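Q: Below is a structure I'd like to ask you about.
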Amino acid sequence: MIAKLRSTYGSGIEPLTYLGQNYMVVDRSLIPDLLRILRDEEQFDYCVDITAVHYPKREKQFDIVWILYSFPRNERIRVKTLIADGESLPTSVPIWATANWLEREVFDMFGIKFDGHPDLKRILLPDGWKGFPLRKDYGILQQDSEWVQINLGIESGQ
Amino acid sequence: MTDPNTLSPLDLDTPDKTFLDANELVINMGPQHPATHGVLRVILRLDGEKVLGLECVIGYLHRGVEKIAENRTYTMFNPYVDRMDYVAAVSNGLGYCEAVEKLLNVEAPPRAQYIRVILTELNRMASHQLWLGTHALDIGAITPLFYTFRDREEILKIFEKYCGARLTTHAFRIGGLQYEAYEGFEKDVKNFVSFVKPKIDEYEELLTTNRIWLERTKGVGVISGKDAIALGVTGPVLRASGVKWDIRKALPYANYKNFDFEIPTGANGDTYDRYIVRMVEMRQSLRIIAQAVEGIPEGPIMAKVPKVMKPPVGEIYHSIEAPKGELGYFIVSDGSTQPYRIRVRPPSFVNLQALDVMCRGQLVADVIAVIGTLDIVLGEVDR
Amino acid sequence: MNPPVATPFFFYLLATIMIVGGILVITRKNAIHSAMALITTLLAQAALYLMLYAPFVAGVQIMLYAGGIMVLFLFVIMLISIERSQKERQFNKQWLIGVIAAAALGGLFITVYTTTTRGITLFVERRMAYSENQNTQLIANLLFDRRGGTYMFAFEIASLLLLVAIIGSVVMAKKRI
Amino acid sequence: MHDLILYIQSYLDSDRTPGAAGNIFWATVYILLVFVGLSVAVICMNWLERKILAHMQVRLGPMRVGPHGLLQPIADAIKLLLKEDIIPAEADAVVFWVAPFIVVLAAFTVFVVVPFGRTHAITDMNIGILFMLGVSSLSVLGIVTAGWASNSHYPLMGALRSSAQMVSYEVAMGLAVVSAIMMSSMNVEGTGTLSMIGIVEAQKAQGEWFIFKFFPLGIIAFGVFAIAMVAETNRAPFDLPEAESELTAGFHTEYSGFRWSLFFLAEYSAMIAVSSIAVTLWLGGWLRPFPNALTGDIWELVFSLFPGITFLFLAGMCFYSTARMPKHPLFKIQTMGLGGFGAALAVIGLILFLPPVRVRVVDIYWFSAKVAGFMYLYIWYRGTFPRYRFDQLMKVGWKVLLPTGLALLILTALVGMRTELWADIQETLHL
């Protein structure tokens with residue numbers, strides 16, 4: 001499958017496997033149509049999960065992971081792409097409807113914007129919350145004290 | 001059914017929409033509501049009684065489990081996993097331990113795996129029983145609640161005898177089990193299986209052919225197979241829409257492969273089919289438990305696992321069939337004792353997204369029934 | 001003849017209830033209060049019918065008026081918001097004509113009742129008091145009996161008329177739903 | 001003073017109800033008896049419902065207040081009396097105060113015409129059933145005004161919903177009742193009666209209860225009435241307004257304390273009233289089983305022993321449970337209480353065996369036994385059936401019960417008049 005994909009896209013794809021689970025690292029520009037091809041030709045019709053991991057030291061800080069599964073082929077792969085802080089990604093909601101909430105959560109936790117997302121706003125944290133908790137630079141004890149003071153009226157903000 | 005990919009957002013903040021001018025009414029089924037199984041707030045857009053669309057506001061129970069994971073060692077994070085889906089804590093534990101074992105490239109000994117399968121299937125029974133009781137209560141039948149909770153009590157007794165806790169059991173360890181099965185374990189489980197088998201027929205007797213139950217559940221909250229897959233719905237809800245898929249069969253783990261059991265599927269994906277699928281699943285779990293108890297091998301219960309775990313750099317994704325659906329763990333390790341990132345894929349969170357599609361065009365009373373059939377647990381939705 | 005039910009005490013009691021109820025109906029500002037007063041008058045009227053040995057009419061009165069029509073009154077009062085109507089001025093400054101009309105009507109009633117005692121019997125003194133348990137059968141015979149049925153046809157026409165009215169109202173309301 | 005005693009005795013052996021006999025004194029005595037009987041029935045109904053429902057649901061029900069929770073209803077009553085009676089802020093005080101009285105009034109006046117026995121009814125009204133249906137429709141007024149007076153959104157919606165439900169099921173109820181009355185006119189004189197005692201007499205004369213008359217029709221009519229009656233009192237599968245999750249507690253949300261207990265009292269007495277109509281119309285009121293088949297005084301004696309036997313049976317149950325009471329000193333009072341209660345029941349049982357008492361009581365016993373059967377049915381419904389959705393509830397009312405009621409009417413008429421009808425057809429076709 002990888003050979004066929006590589007023939008269409010040339011250098012952008014770099015397949016790897018780890019502990020028997022193969023995944024491919026793809027550069028950012030290929031994302032929207034690669035995912036669409038994966039869903040249509042390769043029948044990966046179930047998007048298990050979309051998540052992100054934050055590597056502050058690397059210059060391309062975030063890598064976004066799509067975990068896909070295909071019912072007909074009973075096979076699961078992961079697609080990863082690396083983006084820098086502040087960059088945004090085309091949304092994959094038109095491809096899989098489940099991506100709606102998953103992307104909203106990634107935005108809520110990491111601050112990565114998905115342009116074209118029908119309703120991109122925080123899902124777990126309150127709307128006015130400042131800061132993105134799952135970033136490495138966001139301390140474990142840190143809270144958005146200003147939001148807490150306004151809404152919950154606890155002066156200390158904790 | 002409207003194509004889920006083109007769901008328009010609720011235009012709630014348009015100031016000119018006064019309360020009653022258009023016949024469209026926006027009401028708020030608040031976080032504290034008897035039928036929302038926890039702190040879930042649903043904003044309903046109604047035209048009279050019919051639901052035009054709804055939006056779920058969640059996050060009231062958000063404890064930042066994934067952030068905590070990054071500051072705990074692998075073994076220390078184990079108890080947190082039980083607090084997510086507090087109704088099916090054992091399966092959470094199973095998923096996490098197996099994921100880390102995969103990362104460490106370690107295999108739990110067969111005796112440990114058999115006991116793990118028994119406890120997980122018991123937990124699935126308990127979760128389905130709790131679902132049936134509260135779901136029937138939402139629709140108005142009071143009696144099933146007492147029947148199901150009486151039988152669930154037996155399971156919790158076995159858990160308590162085995163690992164001291166009833167609900168958040170923390171029964172498993174990475175690499176196997178902490179406690180050897182207490183000496184009356186097989187006998188208790190056998191008694192339980194024979195005790196509960198006629199009881200499930202009792203639930204069926206009470207509800208399956210009950211005319212009013214049929215009327216309240218048939219054709220309510222319908223979702224087609226295609227929509228279910230597009231929305232990433234898994235578990236009994238997906239199987240009730242006709243998709244025959246169960247991780248225990250598709251990607252077997254914890255040697256489920258040497259137990260034979262069927263996967264029930266429904267025809268038209270309405271509330272009644274989900275009810276039937278879960279009832280059959282309860283019976284299948286009993287079959288699995290019976291086979292597992294027969295074939296428990298002797299041997300060690302703990303694999304050779306270093307005291308301080310330093311898994312090699314890398315990332316893996318491992319998922320199991322929790323009672324609510326596919327529960328997955330995506331663990332990235334950077335070689336230190338603490339995981340670099342743990343991402344939990346919660347079935348209730350994704351299934352809840354399908355609520356809007358399932359409730360369109362239904363009546364307000366049915367929204368409660370549909371929330372019931374989705375069997376969501378807010379601890380897992382909010383993490 | 002069965003013992004008299006119509007004792008003067010009961011008659012005066014019921015009469016006062018009706019009059020007080022009637023006055024309350026027109027003087028209350030709150031619509032619900034006047035509806036309740038109307039119900040008490042209707043029930044008192046039903047009791048009067050009983051005293052006149054007309055149990056069937058009393059039963060129908062309770063069932064139709066108090067049970068049916070008044071419920072619809074209350075429904076209507078509750079469903080339409082009446083705050084706006086309460087603010088408007090209630091009277092339309094024609095109280096003078098009203099008083100004159102009421103006085104004329106009163107005069108007429110008084111003359112009619114007083115003249116009868118002087119021999120001009122406007123109302124034939126009806127002595128017949130059917131015994132209590134044939135009343136309903138007699139009405140039924142008049143209405144439905146094949147042999148003596150004189151009002152059978154009229155009864156059917158009335159029911160047809162009602163049917164048309166019901167269907168008409170449903171059709172008119174249908175557009176909105 | 002002497003003629004007063006005469007006046008009182010004059011009624012004792014008369015075969016007419018006190019109302020009909022114009023005996024004011026005995027009429028008031030009967031009314032008081034009905035009041036006391038009804039409140040006792042409501043109290044034990046409250047205890048029974050909690051106990052039976054509990055045992056249906058694998059639990060014990062109230063056990064703590066008095067032996068086996070026997071004092072629980074009394075405890076509830078006292079609690080309700082002592083509870084603070086809140087009137088919501090801008091609620092319409094007068095209407096708020098009047099509403100429970102209308103509902104209670106409607107529920108109690110029905111018992112004026114309920115025939116507990118041949119002469120045991122307050123009055124034998126010529127239009128018995130019509131009066132009953134009329135008064136039972138009055139309770140809708142009470143509920144609607146209660147909903148309105150609470151001046152908040154949910155009770156109003158609950159009140160409108162429950163009154164819509166009651167009005168639509170009244171129609172079905174009326175149709176079922178009319179078909180029963182038609183059956184009563186099949187007797188030899190050919191003129192049916194509306195009076196309740198007349199109908200029971202007709203059932204005795206025709207030798208069979210109306211539920212078995214014209215085989216399928218009787219039972220269908222009874223079925224239609226049974227369903228409509230459950231809906232009329234907002235119970236079990238039709239208790240949508242007060243128990244639906246999004247409508248909090250229906251029209252009596254804002255009521256508390258004594259007023260709420262009035263609604264509670266009215267609900268139970270409405271249940272008893274409606275089931276007594278059903279018993280009178282279809283199950284042969286106070287007739288003992290097989291009144292015509294097993295005649296003769298031996299059977300008369302046997303059937304008249306029943307009341308005594310049931311009370312002794314109840315006493316036996318009490319003694320059995322006192323025996324099983326744990327011997328712990330803490331339980332001493334409870335065992336004594338239960339023993340005393342059992343002894344009281346036994347004494348009543350024995351009194352019921354004395355001939356003069358036995359003859360009078362046997363009618364009342366059979367009537368209340370049948371009504372008790374209905375009460376058990378209510379509780380059974382509540383245990384097993386989930387709740388109807390509001391549109392389904394209306395659908396059943398209008399699209400199922402109403403057509404069956406109409407068809408029933410026509411069929412009973414046809415079957416009833418088949419002889420005259422056949423004669424007419426022959427006459428017209430000059431056969």
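Residues are referred to by chain and number: the chain letter is A, B, ... according to the order shown in the structure tokens, the number counts from 1 in that chain, and ligands are numbered separately from 1 in the order shown.
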With chain C as the partner and 10 Å as the cut-off, tabulate the residues of chain D that qualify, each row holding the nearest pair of atoms and their distance in Å to one decimal, using only C-alpha atoms, sorted by chain and rising number, as JSON lines.
A:
```
{"residue": "D:Ala20", "atom": "CA", "partner": "C:Asn2", "partner_atom": "CA", "distance": 8.3}
{"residue": "D:Ala21", "atom": "CA", "partner": "C:Pro3", "partner_atom": "CA", "distance": 8.1}
{"residue": "D:Gly22", "atom": "CA", "partner": "C:Pro3", "partner_atom": "CA", "distance": 6.6}
{"residue": "D:Asn23", "atom": "CA", "partner": "C:Pro3", "partner_atom": "CA", "distance": 9.8}
{"residue": "D:Asp92", "atom": "CA", "partner": "C:Ile32", "partner_atom": "CA", "distance": 9.5}
{"residue": "D:Val94", "atom": "CA", "partner": "C:His33", "partner_atom": "CA", "distance": 8.2}
{"residue": "D:Val95", "atom": "CA", "partner": "C:His33", "partner_atom": "CA", "distance": 7.3}
{"residue": "D:Val98", "atom": "CA", "partner": "C:Met36", "partner_atom": "CA", "distance": 9.5}
{"residue": "D:Asp124", "atom": "CA", "partner": "C:Asn133", "partner_atom": "CA", "distance": 9.9}
{"residue": "D:Met125", "atom": "CA", "partner": "C:Pro55", "partner_atom": "CA", "distance": 8.2}
{"residue": "D:Asn126", "atom": "CA", "partner": "C:Asn133", "partner_atom": "CA", "distance": 5.4}
{"residue": "D:Ile127", "atom": "CA", "partner": "C:Phe56", "partner_atom": "CA", "distance": 6.2}
{"residue": "D:Gly128", "atom": "CA", "partner": "C:Gly59", "partner_atom": "CA", "distance": 8.7}
{"residue": "D:Ile129", "atom": "CA", "partner": "C:Gly59", "partner_atom": "CA", "distance": 9.0}
{"residue": "D:Leu130", "atom": "CA", "partner": "C:Gly59", "partner_atom": "CA", "distance": 5.7}
{"residue": "D:Phe131", "atom": "CA", "partner": "C:Gly59", "partner_atom": "CA", "distance": 5.1}
{"residue": "D:Met132", "atom": "CA", "partner": "C:Gly59", "partner_atom": "CA", "distance": 8.6}
{"residue": "D:Leu133", "atom": "CA", "partner": "C:Met63", "partner_atom": "CA", "distance": 6.9}
{"residue": "D:Gly134", "atom": "CA", "partner": "C:Met63", "partner_atom": "CA", "distance": 3.8}
{"residue": "D:Val135", "atom": "CA", "partner": "C:Met63", "partner_atom": "CA", "distance": 6.9}
{"residue": "D:Ser136", "atom": "CA", "partner": "C:Gly67", "partner_atom": "CA", "distance": 8.2}
{"residue": "D:Ser137", "atom": "CA", "partner": "C:Gly67", "partner_atom": "CA", "distance": 4.9}
{"residue": "D:Leu138", "atom": "CA", "partner": "C:Gly67", "partner_atom": "CA", "distance": 5.1}
{"residue": "D:Ser139", "atom": "CA", "partner": "C:Gly67", "partner_atom": "CA", "distance": 8.3}
{"residue": "D:Val140", "atom": "CA", "partner": "C:Val71", "partner_atom": "CA", "distance": 7.2}
{"residue": "D:Leu141", "atom": "CA", "partner": "C:Val71", "partner_atom": "CA", "distance": 6.0}
{"residue": "D:Gly142", "atom": "CA", "partner": "C:Val71", "partner_atom": "CA", "distance": 9.7}
{"residue": "D:Val144", "atom": "CA", "partner": "C:Leu74", "partner_atom": "CA", "distance": 7.5}
{"residue": "D:Thr145", "atom": "CA", "partner": "C:Leu74", "partner_atom": "CA", "distance": 7.8}
{"residue": "D:Gly147", "atom": "CA", "partner": "C:Met78", "partner_atom": "CA", "distance": 9.7}
{"residue": "D:Trp148", "atom": "CA", "partner": "C:Met78", "partner_atom": "CA", "distance": 7.1}
{"residue": "D:Ala149", "atom": "CA", "partner": "C:Ile32", "partner_atom": "CA", "distance": 9.4}
{"residue": "D:Leu156", "atom": "CA", "partner": "C:Met78", "partner_atom": "CA", "distance": 8.6}
{"residue": "D:Leu160", "atom": "CA", "partner": "C:Phe75", "partner_atom": "CA", "distance": 7.7}
{"residue": "D:Ser163", "atom": "CA", "partner": "C:Val71", "partner_atom": "CA", "distance": 8.7}
{"residue": "D:Ala164", "atom": "CA", "partner": "C:Phe75", "partner_atom": "CA", "distance": 9.5}
{"residue": "D:Val167", "atom": "CA", "partner": "C:Gly68", "partner_atom": "CA", "distance": 8.3}
{"residue": "D:Thr191", "atom": "CA", "partner": "C:Gln137", "partner_atom": "CA", "distance": 7.7}
{"residue": "D:Gly192", "atom": "CA", "partner": "C:Gln137", "partner_atom": "CA", "distance": 8.6}
{"residue": "D:Thr193", "atom": "CA", "partner": "C:Gln137", "partner_atom": "CA", "distance": 8.3}
{"residue": "D:Leu194", "atom": "CA", "partner": "C:Thr136", "partner_atom": "CA", "distance": 8.5}
{"residue": "D:Ser195", "atom": "CA", "partner": "C:Asn133", "partner_atom": "CA", "distance": 8.9}
```
Q: Could you please write out, as a list in words, every residue of segment 32-230 of chain B that DSSP assigns to strand (DSSP E)?
A: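 Answer for segment 32-230 of chain B, restricted to strand (DSSP E): Arg41, Val42, Ile43, Leu44, Arg45, Leu46, Asp47, Lys50, Val51, Leu52, Gly53, Leu54, Glu55, Cys56, Val57, Phe172, Arg173, Gly176 and Leu177 of chain B.
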Q: Got a sec: who's within 10 Å of segment 138-144 of chain A, counting only C-alpha atoms, leaving out chain neighbours fewer than 6 positions off, as a PyMOL selection string?
A: (chain A and resi 128-132+157-158) or (chain B and resi 64+67-68+70-71)
Q: Write a file of the selected residues as a CSV table (one decimal), in the first residue's frame, keeping all heavy atoms.
A:
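Final file, selection.csv:
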```csv
chain,number,residue,atom,x,y,z
A,128,GLY,N,-14.0,30.8,28.4
A,128,GLY,CA,-13.2,32.0,28.5
A,128,GLY,C,-11.8,31.6,29.0
A,128,GLY,O,-11.0,32.4,29.3
A,129,TRP,N,-11.5,30.3,29.1
A,129,TRP,CA,-10.2,29.9,29.7
A,129,TRP,C,-9.0,30.3,28.9
A,129,TRP,O,-9.1,30.1,27.7
A,129,TRP,CB,-10.3,28.3,29.9
A,129,TRP,CG,-9.2,27.8,30.8
A,129,TRP,CD1,-8.0,27.4,30.4
A,129,TRP,CD2,-9.4,27.5,32.2
A,129,TRP,NE1,-7.3,26.9,31.5
A,129,TRP,CE2,-8.1,27.0,32.6
A,129,TRP,CE3,-10.4,27.6,33.1
A,129,TRP,CZ2,-7.9,26.6,33.9
A,129,TRP,CZ3,-10.2,27.2,34.4
A,129,TRP,CH2,-9.0,26.7,34.8
A,130,LYS,N,-8.0,30.8,29.5
A,130,LYS,CA,-6.8,31.1,28.7
A,130,LYS,C,-5.7,30.1,29.0
A,130,LYS,O,-5.6,29.5,30.1
A,130,LYS,CB,-6.3,32.5,29.2
A,130,LYS,CG,-7.1,33.6,28.4
A,130,LYS,CD,-6.6,35.0,28.7
A,130,LYS,CE,-7.3,35.6,29.9
A,130,LYS,NZ,-8.8,35.3,29.9
A,131,GLY,N,-4.9,29.7,28.0
A,131,GLY,CA,-3.9,28.7,28.2
A,131,GLY,C,-4.3,27.4,27.7
A,131,GLY,O,-5.5,27.1,27.7
A,132,PHE,N,-3.3,26.6,27.3
A,132,PHE,CA,-3.7,25.2,26.7
A,132,PHE,C,-3.0,24.2,27.6
A,132,PHE,O,-1.8,24.0,27.6
A,132,PHE,CB,-3.2,25.1,25.3
A,132,PHE,CG,-3.8,26.2,24.4
A,132,PHE,CD1,-3.0,27.3,24.0
A,132,PHE,CD2,-5.2,26.2,24.1
A,132,PHE,CE1,-3.6,28.3,23.3
A,132,PHE,CE2,-5.7,27.2,23.4
A,132,PHE,CZ,-5.0,28.3,23.0
A,157,GLY,N,-7.8,32.4,43.2
A,157,GLY,CA,-7.6,32.0,41.8
A,157,GLY,C,-7.2,30.6,41.7
A,157,GLY,O,-7.2,30.0,40.7
A,158,GLN,N,-7.0,29.9,42.9
A,158,GLN,CA,-6.6,28.5,42.8
A,158,GLN,C,-7.8,27.6,42.8
A,158,GLN,O,-8.8,28.0,43.4
A,158,GLN,CB,-5.7,28.1,43.9
A,158,GLN,CG,-4.2,28.3,43.6
A,158,GLN,CD,-3.9,28.0,42.1
A,158,GLN,OE1,-4.3,28.9,41.3
A,158,GLN,NE2,-3.3,27.0,41.7
B,64,GLY,N,-8.4,16.5,34.0
B,64,GLY,CA,-7.1,16.6,33.4
B,64,GLY,C,-6.3,15.3,33.7
B,64,GLY,O,-5.1,15.4,34.1
B,67,LYS,N,-3.0,15.1,31.7
B,67,LYS,CA,-1.9,16.0,32.2
B,67,LYS,C,-1.3,15.3,33.4
B,67,LYS,O,-0.1,15.3,33.6
B,67,LYS,CB,-2.5,17.3,32.6
B,67,LYS,CG,-1.5,18.4,33.1
B,67,LYS,CD,-0.7,18.8,31.8
B,67,LYS,CE,0.5,19.8,32.2
B,67,LYS,NZ,1.3,20.2,31.1
B,68,ILE,N,-2.1,14.7,34.3
B,68,ILE,CA,-1.6,14.1,35.5
B,68,ILE,C,-0.6,12.9,35.1
B,68,ILE,O,0.4,12.7,35.6
B,68,ILE,CB,-2.7,13.5,36.4
B,68,ILE,CG1,-3.6,14.7,36.9
B,68,ILE,CG2,-2.2,12.7,37.5
B,68,ILE,CD1,-4.9,14.2,37.5
B,70,GLU,N,1.3,12.7,32.7
B,70,GLU,CA,2.7,13.0,32.3
B,70,GLU,C,3.6,13.3,33.5
B,70,GLU,O,4.8,13.5,33.4
B,70,GLU,CB,2.6,14.3,31.4
B,70,GLU,CG,2.1,14.0,30.0
B,70,GLU,CD,1.6,15.3,29.3
B,70,GLU,OE1,1.9,16.4,29.9
B,70,GLU,OE2,0.9,15.1,28.3
B,71,ASN,N,2.9,13.4,34.7
B,71,ASN,CA,3.8,13.6,35.9
B,71,ASN,C,3.8,12.4,36.9
B,71,ASN,O,4.0,12.5,38.0
B,71,ASN,CB,3.3,14.8,36.7
B,71,ASN,CG,3.3,16.1,35.7
B,71,ASN,OD1,4.4,16.6,35.5
B,71,ASN,ND2,2.2,16.4,35.2
```
Q: Residues of chain B that have any atom at most 12 Å from an atom of chain D: could you tabulate them with the shortest-distance atom pair and the distance in Å to one decimal, using only C-alpha atoms, ordered by chain and increasing number, as a tab-separated table?
A:
```
residue	atom	partner	partner_atom	distance
B:Ile27	CA	D:Glu246	CA	10.7
B:Asn28	CA	D:Glu246	CA	10.5
B:Met29	CA	D:Glu246	CA	8.2
B:Gly30	CA	D:Glu246	CA	10.5
B:Gln32	CA	D:Glu246	CA	11.8
B:His33	CA	D:Ser245	CA	8.2
B:Pro34	CA	D:Ser245	CA	6.7
B:Ala35	CA	D:Ser245	CA	6.8
B:Thr36	CA	D:Ser245	CA	10.1
B:Glu49	CA	D:Asp391	CA	9.8
B:Lys50	CA	D:Asp391	CA	11.3
B:His135	CA	D:Pro386	CA	10.9
B:Ala136	CA	D:Pro386	CA	7.5
B:Leu137	CA	D:Pro386	CA	8.0
B:Asp138	CA	D:Ser245	CA	7.4
B:Ile139	CA	D:Pro386	CA	6.0
B:Gly140	CA	D:Pro386	CA	4.2
B:Ala141	CA	D:Pro386	CA	3.8
B:Ile142	CA	D:Gly383	CA	6.5
B:Thr143	CA	D:Gln57	CA	5.4
B:Pro144	CA	D:Gln57	CA	7.9
B:Leu145	CA	D:Gln57	CA	8.4
B:Phe146	CA	D:Gln57	CA	5.8
B:Tyr147	CA	D:Gln57	CA	6.8
B:Thr148	CA	D:Gln57	CA	10.3
B:Phe149	CA	D:Val58	CA	10.2
B:Arg150	CA	D:Val58	CA	8.1
B:Asp151	CA	D:Val58	CA	10.9
B:Tyr203	CA	D:Thr384	CA	11.2
B:Glu205	CA	D:Thr384	CA	10.5
B:Leu206	CA	D:Thr384	CA	7.1
B:Leu207	CA	D:Thr384	CA	8.6
B:Thr208	CA	D:Phe385	CA	11.7
B:Thr209	CA	D:Phe385	CA	11.1
B:Asn210	CA	D:Phe385	CA	7.5
B:Arg211	CA	D:Phe385	CA	8.7
B:Ile212	CA	D:Pro386	CA	6.3
B:Trp213	CA	D:Pro386	CA	6.3
B:Leu214	CA	D:Pro386	CA	9.9
B:Glu215	CA	D:Gln392	CA	8.1
B:Arg216	CA	D:Arg389	CA	7.0
B:Thr217	CA	D:Arg389	CA	10.6
B:Val220	CA	D:Arg389	CA	11.9
B:Gln362	CA	D:Arg389	CA	11.7
B:Leu363	CA	D:Arg389	CA	9.1
B:Val364	CA	D:Glu246	CA	8.2
B:Ala365	CA	D:Arg389	CA	6.8
B:Asp366	CA	D:Arg389	CA	8.4
B:Val367	CA	D:Glu246	CA	10.3
B:Ile368	CA	D:Ser245	CA	8.1
B:Ala369	CA	D:Ser245	CA	10.6
```
Q: Starting from chain B, keep only residues with some atom at most 6 Å from an atom of chain A, counting only C-alpha atoms, and report them as JSON, numbers by chain.
A: {"B": [5, 58, 59, 67, 229, 230, 231, 232]}
